[in-house]
Amino acid sequence: MPLNEPAASPAARMMQKVDCPLRWYTPESWAKMQLLDPCALLNDHAHLEKKAASNALSLVAHWPSDRHLGGVAPEGWVHGLTTIANDETEHLRLVLRLLDKRGGSLSKGHSNPYAADLRALVRAGQGKLETADRLMVSALIELRSCERFACLAAELESSAGADPELLRLYKGLWAAEHGHFHAFLELALELPGADRAEQDARWAWMLGQEAQIISKQNFYIGMHAGVKN
Ligand SMILES: [Fe+2]
Ligand SMILES: [Fe+2]
């Protein structure tokens, strides 16, 4: 069961156009607050794109050992993950270009409590189960990011002092991150040697966990931040 229903907002309508199994939907007030400080948001976003690229690369040679595979990667594995890493690097370049244009610069440190909470769900050290969880956590982060881009794009479209450059960025990334969500989820659900029914049940559980985690985040300027009370 969803923790909340998608509001009849422009962002929710955008998400309804695509497959979106999220169980908690971001309230409209979230994007309004985030857009009060576009440079801080772009800085957080740049770090997330950098981490997304590293995450995809770290999975490239991390397929589970399976006797049927004989040491060879599952079909689509290396190509799919390197394509994602390449996309994320391109996103990072785009975001940094906008940040620079607006007088900002990349900060040295960055933390993402939402991603850290999700990573705590991974069954570390359990081989195939760990890989499946890492792929599912990656899929969740992509899907939530996609929803957040929809929120930001909808807010920019409805505000009088619209920022066409940011609007273009968020609309473009919305589609890209949804594609990445699908790619990660497909790799997770079709992991060689894994039981499909168990994988489906794990994914359903992960969706519930993600809803709890995102809805409890504190407010700050950032893509995966909570809502300001
Ligand atoms: Fe990205
Ligand atoms: Fe992505």
# chains A, B, ... in the order shown; residues from 1 in each chain; ligands from 1

call {"tool": "residues_near_ligand", "arguments": {"ligand": "ligand 1", "cutoff": "10 Å", "atoms": "only C-alpha atoms and all ligand atoms", "output": "PDB file with C-alpha atoms, in the first residue's frame"}}
result
ATOM      1  CA  HIS A  45      23.128  17.296  -7.842  1.00  0.00           C
ATOM      2  CA  ALA A  46      26.641  17.309  -9.344  1.00  0.00           C
ATOM      3  CA  LEU A  48      25.012  12.725  -7.045  1.00  0.00           C
ATOM      4  CA  GLU A  49      25.815  12.395 -10.754  1.00  0.00           C
ATOM      5  CA  LYS A  50      29.469  11.730  -9.896  1.00  0.00           C
ATOM      6  CA  LYS A  51      28.442   9.041  -7.405  1.00  0.00           C
ATOM      7  CA  ALA A  52      26.002   7.532  -9.913  1.00  0.00           C
ATOM      8  CA  ALA A  53      28.809   7.209 -12.491  1.00  0.00           C
ATOM      9  CA  ILE A  84      24.837   4.321 -17.563  1.00  0.00           C
ATOM     10  CA  ALA A  85      28.284   5.413 -16.308  1.00  0.00           C
ATOM     11  CA  ASN A  86      28.796   7.345 -19.533  1.00  0.00           C
ATOM     12  CA  ASP A  87      25.362   9.025 -19.253  1.00  0.00           C
ATOM     13  CA  GLU A  88      26.011  10.001 -15.628  1.00  0.00           C
ATOM     14  CA  THR A  89      29.385  11.506 -16.520  1.00  0.00           C
ATOM     15  CA  GLU A  90      27.675  13.547 -19.227  1.00  0.00           C
ATOM     16  CA  HIS A  91      25.034  14.654 -16.694  1.00  0.00           C
ATOM     17  CA  LEU A  92      27.816  15.663 -14.321  1.00  0.00           C
ATOM     18  CA  LEU A  94      26.054  19.470 -17.807  1.00  0.00           C
ATOM     19  CA  VAL A  95      25.344  20.249 -14.163  1.00  0.00           C
ATOM     20  CA  GLU A 142      17.230   6.471 -10.163  1.00  0.00           C
ATOM     21  CA  SER A 145      15.663  11.145  -8.770  1.00  0.00           C
ATOM     22  CA  CYS A 146      13.354  10.900 -11.767  1.00  0.00           C
ATOM     23  CA  GLY A 172      15.982  16.110 -20.002  1.00  0.00           C
ATOM     24  CA  LEU A 173      17.295  14.237 -16.969  1.00  0.00           C
ATOM     25  CA  TRP A 174      13.814  13.072 -15.992  1.00  0.00           C
ATOM     26  CA  ALA A 175      13.661  10.820 -19.050  1.00  0.00           C
ATOM     27  CA  ALA A 176      17.287   9.651 -18.739  1.00  0.00           C
ATOM     28  CA  GLU A 177      16.976   8.623 -15.090  1.00  0.00           C
ATOM     29  CA  HIS A 178      13.778   6.707 -15.800  1.00  0.00           C
ATOM     30  CA  HIS A 180      18.400   3.964 -15.861  1.00  0.00           C
TER      31      HIS A 180
END

call {"tool": "residues_around", "arguments": {"residues": "Gly76 of chain A", "least_positions_apart": "4", "cutoff": "9 Å", "atoms": "only C-alpha atoms", "output": "NGL selection string"}}
result
:A and (80-81 or 187)

call {"tool": "atom_distance", "arguments": {"atom1": "atom CA of Leu36 of chain A", "atom2": "atom CA of Asn229 of chain A"}}
result
15.6 Å

call {"tool": "select_by_dssp", "arguments": {"residues": "segment 4-181 of chain A", "states": "alpha helix (DSSP H)", "output": "PyMOL selection string"}}
result
chain A and resi 10-16+29-34+38-59+77-101+113-119+128-158+164-181

call {"tool": "residues_around", "arguments": {"residues": "segment 223-228 of chain A", "least_positions_apart": "6", "cutoff": "7 Å", "atoms": "only C-alpha atoms", "output": "PyMOL selection string"}}
result
chain A and resi 30+41+44-45+114+145+148+214-217

call {"tool": "write_last_selection", "arguments": {"atoms": "N, CA and C atoms", "output": "JSON list (two decimals), in the first residue's frame"}}
result
[["chain", "number", "residue", "atom", "x", "y", "z"],
["A", 30, "TRP", "N", 7.92, 20.86, -1.81],
["A", 30, "TRP", "CA", 9.34, 20.48, -1.79],
["A", 30, "TRP", "C", 10.15, 21.25, -2.84],
["A", 41, "LEU", "N", 21.57, 23.56, -4.90],
["A", 41, "LEU", "CA", 20.92, 22.36, -5.45],
["A", 41, "LEU", "C", 21.78, 21.75, -6.57],
["A", 44, "ASP", "N", 24.77, 19.88, -5.00],
["A", 44, "ASP", "CA", 24.37, 18.56, -4.48],
["A", 44, "ASP", "C", 24.15, 17.60, -5.65],
["A", 45, "HIS", "N", 23.46, 18.10, -6.66],
["A", 45, "HIS", "CA", 23.13, 17.30, -7.84],
["A", 45, "HIS", "C", 24.41, 16.81, -8.55],
["A", 114, "TYR", "N", 19.97, 9.86, 2.56],
["A", 114, "TYR", "CA", 18.97, 8.99, 1.92],
["A", 114, "TYR", "C", 19.65, 7.75, 1.30],
["A", 145, "SER", "N", 15.09, 9.96, -8.12],
["A", 145, "SER", "CA", 15.66, 11.15, -8.77],
["A", 145, "SER", "C", 14.76, 11.59, -9.92],
["A", 148, "ARG", "N", 11.90, 13.43, -8.52],
["A", 148, "ARG", "CA", 12.30, 14.76, -8.05],
["A", 148, "ARG", "C", 12.52, 15.73, -9.23],
["A", 214, "ILE", "N", 12.61, 7.84, 2.49],
["A", 214, "ILE", "CA", 12.55, 9.19, 1.88],
["A", 214, "ILE", "C", 11.60, 10.09, 2.67],
["A", 215, "SER", "N", 10.52, 9.53, 3.18],
["A", 215, "SER", "CA", 9.53, 10.38, 3.88],
["A", 215, "SER", "C", 10.05, 10.85, 5.23],
["A", 216, "LYS", "N", 11.14, 10.23, 5.71],
["A", 216, "LYS", "CA", 11.68, 10.63, 7.03],
["A", 216, "LYS", "C", 12.94, 11.49, 6.93],
["A", 217, "GLN", "N", 13.35, 11.83, 5.72],
["A", 217, "GLN", "CA", 14.58, 12.62, 5.58],
["A", 217, "GLN", "C", 14.39, 14.03, 6.12]]

call {"tool": "closest_residue", "arguments": {"among": "A:Phe181, A:Phe149, A:Tyr170, A:Trp63", "to": "ligand 2", "atoms": "only C-alpha atoms and all ligand atoms"}}
result
A:Phe181

call {"tool": "closest_residue", "arguments": {"among": "A:Arg134, A:Lys32, A:His79, A:Arg196", "to": "Arg119 of chain A", "atoms": "only C-alpha atoms"}}
result
A:Arg134
